[in-house]
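K.L.:
You'll find entry-v3.txt just under this line, and it carries compact mmCIF, C-alpha atoms.
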# COMPACT_ATOMS: atom_id res chain seq x y z
CA MET A 27 -17.15 -15.86 9.26
CA THR A 28 -17.24 -19.16 11.09
CA GLY A 29 -16.80 -22.57 9.54
CA SER A 30 -20.48 -23.42 10.17
CA GLU A 31 -21.76 -20.59 8.00
CA VAL A 32 -22.69 -21.34 4.40
CA PRO A 33 -20.83 -18.90 2.12
CA HIS A 34 -23.05 -16.74 -0.09
CA SER A 35 -22.24 -14.28 -2.83
CA PHE A 36 -20.98 -10.79 -2.08
CA ARG A 37 -22.67 -8.07 -4.12
CA LEU A 38 -20.55 -5.03 -4.94
CA ALA A 39 -22.09 -1.95 -6.54
CA TYR A 40 -20.01 0.58 -8.46
CA VAL A 41 -20.67 3.86 -10.21
CA PRO A 42 -19.40 4.76 -13.72
CA GLY A 43 -15.72 5.63 -13.83
CA VAL A 44 -14.71 3.27 -11.01
CA THR A 45 -12.76 0.17 -12.03
CA PRO A 46 -13.07 -2.46 -9.27
CA SER A 47 -11.16 -5.22 -11.10
CA LYS A 48 -8.07 -5.06 -8.84
CA TRP A 49 -10.08 -5.57 -5.66
CA VAL A 50 -12.24 -8.25 -7.27
CA ARG A 51 -9.12 -10.22 -8.24
CA ILE A 52 -7.79 -10.12 -4.66
CA TRP A 53 -11.21 -11.18 -3.33
CA ASN A 54 -11.29 -14.20 -5.64
CA GLU A 55 -7.81 -15.22 -4.49
CA ARG A 56 -8.64 -14.97 -0.78
CA LEU A 57 -12.25 -16.16 -0.78
CA PRO A 58 -12.65 -18.49 -3.77
CA ASP A 59 -15.74 -20.11 -2.22
CA VAL A 60 -17.61 -16.79 -1.98
CA PRO A 61 -18.42 -15.46 -5.47
CA LEU A 62 -18.41 -11.68 -5.90
CA THR A 63 -21.18 -10.22 -8.05
CA LEU A 64 -20.74 -6.75 -9.60
CA VAL A 65 -23.76 -4.42 -9.73
CA ALA A 66 -23.41 -1.41 -12.05
CA VAL A 67 -25.38 1.60 -10.77
CA SER A 68 -25.69 5.27 -11.67
CA PRO A 69 -24.48 7.90 -9.17
CA THR A 70 -28.05 8.93 -8.43
CA GLU A 71 -29.32 5.43 -7.64
CA ALA A 72 -26.24 4.04 -5.85
CA PHE A 73 -27.33 4.95 -2.31
CA GLY A 74 -30.85 3.66 -2.85
CA VAL A 75 -29.47 0.30 -3.96
CA LEU A 76 -27.35 0.05 -0.79
CA ARG A 77 -30.25 0.99 1.49
CA ALA A 78 -32.60 -1.48 -0.22
CA GLY A 79 -30.15 -4.35 0.18
CA GLY A 80 -29.40 -4.59 -3.54
CA ALA A 81 -25.67 -4.65 -2.73
CA ASP A 82 -23.58 -5.39 0.35
CA ALA A 83 -21.21 -2.49 -0.35
CA GLY A 84 -20.47 -0.12 -3.19
CA PHE A 85 -18.00 2.31 -4.72
CA VAL A 86 -19.78 5.67 -4.74
CA ARG A 87 -18.97 9.34 -5.10
CA LEU A 88 -19.04 11.61 -2.07
CA PRO A 89 -20.89 13.15 -0.32
CA VAL A 90 -22.53 10.27 1.57
CA ASP A 91 -25.39 10.66 4.04
CA ARG A 92 -23.78 9.32 7.23
CA THR A 93 -27.12 8.94 8.98
CA ASP A 94 -27.45 5.33 7.92
CA LEU A 95 -24.47 4.72 5.66
CA SER A 96 -20.80 4.28 6.47
CA ALA A 97 -18.12 5.45 4.06
CA ILE A 98 -14.35 5.24 3.66
CA PRO A 99 -12.93 7.91 1.30
CA LEU A 100 -10.44 6.29 -1.10
CA TYR A 101 -9.11 8.83 -3.60
CA THR A 102 -9.75 12.18 -5.26
CA GLU A 103 -9.97 12.50 -9.03
CA THR A 104 -8.64 15.19 -11.33
CA THR A 105 -11.38 17.26 -12.97
CA VAL A 106 -11.09 17.81 -16.74
CA VAL A 107 -12.95 19.55 -19.53
CA VAL A 108 -13.88 17.45 -22.57
CA VAL A 109 -13.60 19.29 -25.90
CA PRO A 110 -13.30 18.47 -29.62
CA LYS A 111 -9.71 17.87 -30.72
CA ASP A 112 -9.71 21.01 -32.88
CA HIS A 113 -10.92 23.24 -29.99
CA LEU A 114 -8.69 26.09 -28.76
CA VAL A 115 -8.59 24.51 -25.29
CA ALA A 116 -6.80 21.48 -26.79
CA ALA A 117 -3.71 23.65 -27.34
CA ALA A 118 -3.31 24.32 -23.60
CA ASP A 119 -1.85 22.01 -20.92
CA GLU A 120 -4.35 23.23 -18.31
CA VAL A 121 -7.25 25.68 -18.14
CA SER A 122 -9.28 27.48 -15.48
CA THR A 123 -13.03 28.03 -15.21
CA GLU A 124 -12.48 31.61 -16.43
CA ASP A 125 -11.14 30.22 -19.70
CA LEU A 126 -14.54 28.57 -20.20
CA ALA A 127 -16.55 31.75 -19.61
CA ASP A 128 -17.63 32.06 -23.26
CA GLU A 129 -18.35 28.35 -23.72
CA ILE A 130 -21.64 26.49 -23.35
CA VAL A 131 -20.84 24.10 -20.50
CA PHE A 132 -23.19 21.14 -20.15
CA HIS A 133 -24.46 20.18 -16.72
CA PRO A 134 -26.04 16.70 -17.06
CA LEU A 135 -28.57 15.44 -14.53
CA ASP A 136 -26.12 12.78 -13.31
CA ASP A 137 -23.33 15.32 -12.74
CA THR A 138 -21.10 14.31 -9.82
CA LEU A 139 -19.36 17.66 -9.18
CA GLU A 140 -20.55 20.02 -6.44
CA TRP A 141 -20.46 23.45 -8.06
CA GLU A 142 -20.86 26.63 -6.06
CA GLN A 143 -21.15 28.46 -9.35
CA LEU A 144 -21.44 26.74 -12.72
CA PRO A 145 -18.80 27.82 -15.26
CA GLY A 146 -19.52 29.11 -18.73
CA LYS A 147 -22.93 29.60 -20.26
CA PRO A 148 -25.79 27.19 -19.45
CA ALA A 149 -27.32 25.04 -22.18
CA ILE A 150 -30.99 25.41 -23.07
CA GLU A 151 -31.68 21.96 -21.60
CA ARG A 152 -29.69 19.78 -19.26
CA PRO A 153 -28.65 16.46 -20.85
CA GLU A 154 -30.11 13.38 -19.19
CA THR A 155 -26.77 11.62 -18.72
CA THR A 156 -23.04 12.21 -19.08
CA ALA A 157 -23.08 9.95 -22.16
CA ASP A 158 -25.68 12.25 -23.76
CA ALA A 159 -23.54 15.29 -22.96
CA ILE A 160 -20.51 13.64 -24.59
CA GLU A 161 -22.52 13.23 -27.82
CA LEU A 162 -23.34 16.96 -27.79
CA VAL A 163 -19.68 17.84 -27.25
CA ALA A 164 -18.75 15.68 -30.24
CA ALA A 165 -21.36 17.59 -32.28
CA GLY A 166 -19.59 20.86 -31.43
CA VAL A 167 -22.46 22.26 -29.37
CA GLY A 168 -20.53 22.86 -26.13
CA VAL A 169 -18.04 21.41 -23.63
CA LEU A 170 -18.32 19.20 -20.56
CA VAL A 171 -16.50 19.28 -17.21
CA VAL A 172 -16.26 15.86 -15.52
CA PRO A 173 -13.96 13.68 -13.36
CA GLN A 174 -11.11 12.29 -15.45
CA SER A 175 -12.30 8.68 -15.11
CA LEU A 176 -15.56 9.59 -16.85
CA ALA A 177 -13.68 11.30 -19.66
CA ARG A 178 -11.71 8.08 -20.14
CA LEU A 179 -14.84 5.96 -19.91
CA HIS A 180 -16.50 7.92 -22.73
CA HIS A 181 -13.35 8.31 -24.80
CA ARG A 182 -13.77 9.09 -28.48
CA LYS A 183 -11.15 9.59 -31.17
CA ASP A 184 -12.52 13.01 -32.07
CA LEU A 185 -12.46 14.29 -28.46
CA THR A 186 -9.76 15.14 -25.94
CA TYR A 187 -9.64 16.61 -22.42
CA ARG A 188 -7.54 18.99 -20.33
CA PRO A 189 -7.30 19.51 -16.51
CA VAL A 190 -9.33 22.36 -14.99
CA SER A 191 -7.22 23.86 -12.19
CA ASP A 192 -9.93 25.48 -10.05
CA ALA A 193 -12.89 23.12 -10.59
CA PRO A 194 -14.33 21.09 -7.71
CA ALA A 195 -12.96 17.55 -7.46
CA SER A 196 -14.88 14.29 -7.16
CA ARG A 197 -13.97 11.86 -4.39
CA VAL A 198 -14.60 8.12 -4.59
CA ALA A 199 -15.49 6.17 -1.44
CA LEU A 200 -16.47 2.68 -0.33
CA SER A 201 -19.88 2.76 1.33
CA TRP A 202 -22.22 0.25 3.00
CA PRO A 203 -25.26 0.30 5.35
CA GLN A 204 -24.17 0.88 8.96
CA GLU A 205 -26.48 -1.83 10.28
CA GLU A 206 -25.09 -4.38 7.79
CA THR A 207 -21.39 -4.38 8.63
CA THR A 208 -21.07 -8.15 8.14
CA ASP A 209 -17.93 -10.30 8.21
CA LEU A 210 -17.86 -10.25 4.41
CA VAL A 211 -18.04 -6.46 4.40
CA GLU A 212 -15.14 -6.39 6.85
CA GLU A 213 -13.22 -8.71 4.54
CA PHE A 214 -13.73 -6.38 1.61
CA ILE A 215 -12.80 -3.31 3.67
CA GLY A 216 -9.54 -5.06 4.53
CA ILE A 217 -8.83 -5.74 0.85
CA VAL A 218 -9.53 -2.14 -0.16
CA ARG A 219 -7.35 -0.82 2.65
CA GLY A 220 -4.50 -3.08 1.57
CA ARG A 221 -4.40 -5.40 4.55
CA THR A 222 -2.50 -8.64 4.07
CA VAL A 223 -4.11 -12.05 4.56
CA ASN A 224 -2.79 -12.42 8.12
CA SER A 225 -3.71 -8.88 9.16
CA THR A 226 -7.24 -8.90 7.75
CA ARG A 227 -9.79 -8.37 10.52
CA GLY A 228 -11.48 -11.57 11.61
CA ARG A 229 -8.66 -13.88 10.59
CA THR A 230 -6.37 -15.66 13.00
CA PRO A 231 -2.77 -14.58 12.42
CA THR A 232 -0.19 -17.26 11.73
CA PRO A 233 1.66 -18.12 15.00
CA PRO A 234 5.39 -17.42 15.01
CA GLN A 235 7.57 -20.44 14.29
CA PRO A 236 9.94 -21.63 17.10
CA LYS A 237 13.55 -20.72 16.63
CA THR A 238 15.92 -23.56 15.77
CA LYS A 239 18.82 -23.95 18.16
CA ARG A 240 22.20 -23.90 16.56
CA LYS A 241 24.53 -26.79 17.21
CA ARG A 242 27.73 -25.98 19.02
CA PRO A 243 30.84 -26.53 16.93
CA GLU A 244 32.71 -29.70 17.89
CA THR A 245 35.89 -29.11 19.86
CA GLY A 246 39.17 -30.65 18.89
CA ALA A 247 39.53 -32.64 22.12
CA GLY A 248 40.70 -36.15 21.38
CA ALA A 249 40.88 -35.53 17.65
CA GLY A 250 44.36 -36.24 16.32
CA SER A 251 47.62 -35.70 18.18
CA GLY A 252 49.42 -32.48 18.90
CA GLY A 253 46.24 -30.35 18.57
CA ALA A 254 45.26 -27.62 21.01
CA GLY A 255 42.48 -29.78 22.46
CA SER A 256 44.84 -32.71 23.17
CA ALA A 257 47.55 -30.84 25.05
CA GLN A 258 46.42 -32.24 28.44
CA ARG A 259 45.03 -35.63 29.40
CA LYS A 260 43.21 -36.76 32.48
CA PRO A 261 45.28 -38.78 34.94
CA GLY A 262 44.30 -42.45 35.05
CA ALA A 263 41.86 -43.57 37.75
CA GLY A 264 42.51 -46.36 40.24
CA GLY A 265 46.17 -45.45 41.02
CA LYS A 266 47.85 -47.47 38.26
CA GLY A 267 50.13 -45.89 35.76
CA GLY A 268 50.56 -42.82 37.93
CA SER A 269 53.27 -41.12 35.96
CA VAL A 270 52.28 -37.98 34.11
CA ARG A 271 52.73 -37.97 30.37
CA SER A 272 53.53 -34.89 28.38
CA ALA A 273 51.64 -33.71 25.31
CA SER A 274 53.97 -35.83 23.16
CA GLY A 275 52.99 -39.04 25.02
CA LYS A 276 56.47 -39.68 26.61
CA PRO A 277 56.77 -40.53 30.32
CA GLY A 278 57.49 -37.50 32.47
CA ALA A 279 58.04 -36.74 36.14
CA LYS A 280 56.06 -38.60 38.77
CA ASN A 281 53.12 -37.00 40.36
CA PRO A 282 54.48 -34.86 43.16
CA ARG A 283 51.50 -35.58 45.34
CA GLY A 284 51.44 -38.79 47.27
CA GLY A 285 47.87 -39.69 46.37
CA SER A 286 46.70 -41.99 43.69
CA GLY A 287 49.44 -40.83 41.37
CA GLY A 288 52.16 -43.11 43.02
CA PRO A 289 53.50 -46.28 41.42
CA LYS A 290 52.02 -48.64 44.05
CA GLY A 291 48.50 -47.44 44.64
CA GLY A 292 49.38 -44.46 46.81
CA LYS A 293 52.13 -45.75 49.25
CA SER A 294 55.30 -43.76 49.89
CA GLY A 295 58.37 -44.40 47.78
CA LYS A 296 60.61 -45.78 50.68
CA PRO A 297 61.95 -49.39 50.13
CA ARG A 298 60.61 -52.16 52.33
CA ARG A 299 62.84 -53.67 55.02
CA ARG A 300 63.41 -57.36 54.89
CA PRO A 301 62.61 -59.27 58.10
So, in terms of structure tokens, how does the structure I just supplied come out?
P.N.:
Amino acid sequence: MTGSEVPHSFRLAYVPGVTPSKWVRIWNERLPDVPLTLVAVSPTEAFGVLRAGGADAGFVRLPVDRTDLSAIPLYTETTVVVVPKDHLVAAADEVSTEDLADEIVFHPLDDTLEWEQLPGKPAIERPETTADAIELVAAGVGVLVVPQSLARLHHRKDLTYRPVSDAPASRVALSWPQEETTDLVEEFIGIVRGRTVNSTRGRTPTPPQPKTKRKRPETGAGAGSGGAGSAQRKPGAGGKGGSVRSASGKPGAKNPRGGSGGPKGGKSGKPRRRP
């Protein structure tokens, strides 16, 4: 998204049972100028909304027709059976589909599980929605097998649920039209996948900061007397004062070389003859 583009809202569809609040919060922190609008849809109408442009992306339940839609699987839910609290199933930690063989198991029209063979006994009529099936379970007519998030969504004090070990599982995915993979869609994909701000696709990463050079510690040369750095001194330039001084500062032996270290500017130490 370039600076010349005018930000518009991002429309996010979601099916019952999905809680998008975490991703919405991150979106609002990173893109405060682009409002995110939530669009609640049923599992049966979710793909039609995406294809018609009613949402830029959406949380849906697999399977997804990959002909014109892209999808990123996110997580798999536990499948549970919803029963009255005084039902025999409530005494178990987990059940199998065989344990439901004598039960009337509702199969609502908006069911999201892909059954090869439906468990239990079929009801006379299929409930219109999962919410309708929950009401029938509360009335003691039968039981309902659903993803755990839907059992939580339709929670009632008089109902409970238990995991079904061998039931098919429902998988939640992020989906969007293949031909509409916009910059904003890429931004949301990055948020869902847990990318940081600097690693999100389309953003320029922060350049590394230059390293600060450390200062060298000051040596002890010339600081105080008698230190390790003041043990030797440079001989004076110009030939004057050519005697070498020791570390204590007292005069020592003359410079053995006959150069500029002599007492008279470099001449030999022989006395002059008088004329």
K.L.:
For A:Leu57, which residue out of A:Glu213, A:Val131, A:Leu38, A:Val218 is the nearest one, using only C-alpha atoms?
P.N.:
A:Glu213
K.L.:
My list of candidates is A:Leu95, A:Val108, A:Ile52, A:Val75. Which is closest to A:Gly168 when distances are computed with only C-alpha atoms?
P.N.:
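When distances to A:Gly168 are compared using only C-alpha atoms, the smallest one comes from A:Val108.
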K.L.:
Please measure the separation of atom CA of A:Pro99 and atom CA of A:Pro153, giving the value in Å to one decimal.
P.N.:
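According to the coordinates, atom CA of A:Pro99 and atom CA of A:Pro153 are separated by 28.5 Å.
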K.L.:
Sorted by chain and rising residue number, which residues of stretch 66-134 of chain A lie within 9 Å of stretch 140-149 of chain A, and what are their closest atom pairs and distances in Å to one decimal, counting only C-alpha atoms, as a Markdown table?
P.N.:
| residue | atom | partner | partner_atom | distance |
| --- | --- | --- | --- | --- |
| A:Thr123 | CA | A:Pro145 | CA | 5.8 |
| A:Glu124 | CA | A:Pro145 | CA | 7.5 |
| A:Asp125 | CA | A:Gly146 | CA | 8.5 |
| A:Leu126 | CA | A:Gly146 | CA | 5.2 |
| A:Ala127 | CA | A:Gly146 | CA | 4.1 |
| A:Asp128 | CA | A:Gly146 | CA | 5.7 |
| A:Glu129 | CA | A:Gly146 | CA | 5.2 |
| A:Ile130 | CA | A:Lys147 | CA | 4.6 |
| A:Val131 | CA | A:Gly146 | CA | 5.5 |
| A:Phe132 | CA | A:Ala149 | CA | 6.0 |
| A:His133 | CA | A:Pro148 | CA | 7.6 |
K.L.:
Measuring between all atoms listed in the file, which one of A:Val86, A:Ala66, A:Val41, A:Ala157 shows the shortest distance to A:Val198?
P.N.:
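For A:Val198, the nearest of the candidates is A:Val86.
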K.L.:
Using all atoms listed in the file, can you tell me which of A:Pro61, A:Gly166, A:Pro173, A:Pro194 comes closest to A:Gly43?
P.N.:
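Closest to A:Gly43, using all atoms listed in the file: A:Pro173.
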K.L.:
Take atom CA of A:Glu206 and atom CA of A:Thr93 and report the distance between them in Å, one decimal.
P.N.:
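Pair atom CA of A:Glu206 / atom CA of A:Thr93 returns 13.5 Å.
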K.L.:
Of the candidates A:Gly80, A:Pro134, A:Pro203, A:Pro110, which one gets nearest to A:Arg182 if we count only C-alpha atoms?
P.N.:
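Looking only at the distances to A:Arg182, the closest residue turns out to be A:Pro110.
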K.L.:
Please provide as a list in words all residues within 9 Å of A:Asp94, with the sequence filter that same-chain residues fewer than 4 positions apart are discarded (counting all atoms listed in the file).
P.N.:
Arg77, Trp202, Pro203, Gln204 and Glu205 of chain A
K.L.:
What separation in Å, quoted to one decimal, exists between atom CA of A:Thr207 and atom CA of A:Glu103?
P.N.:
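If I compute the distance from atom CA of A:Thr207 to atom CA of A:Glu103, I get 27.0 Å.
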K.L.:
Please return, as a PyMOL selection string, all polymer residues that have at least one atom within 10 Å of the point (-21.7, -4.9, -8.0); use only C-alpha atoms and the file's own coordinate frame.
P.N.:
chain A and resi 36-41+46+62-67+80-85
K.L.:
Tell me which of A:Ser201, A:Thr208, A:Ser191, A:Thr222 sits closest to A:Arg92, counting only C-alpha atoms.
P.N.:
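Closest residue, counting only C-alpha atoms: A:Ser201.
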K.L.:
Just want the 9 Å neighbourhood of A:Tyr101, counted on all atoms listed in the file, with same-chain residues fewer than 4 positions away dropped. Output as a PyMOL selection string.
P.N.:
chain A and resi 196-199
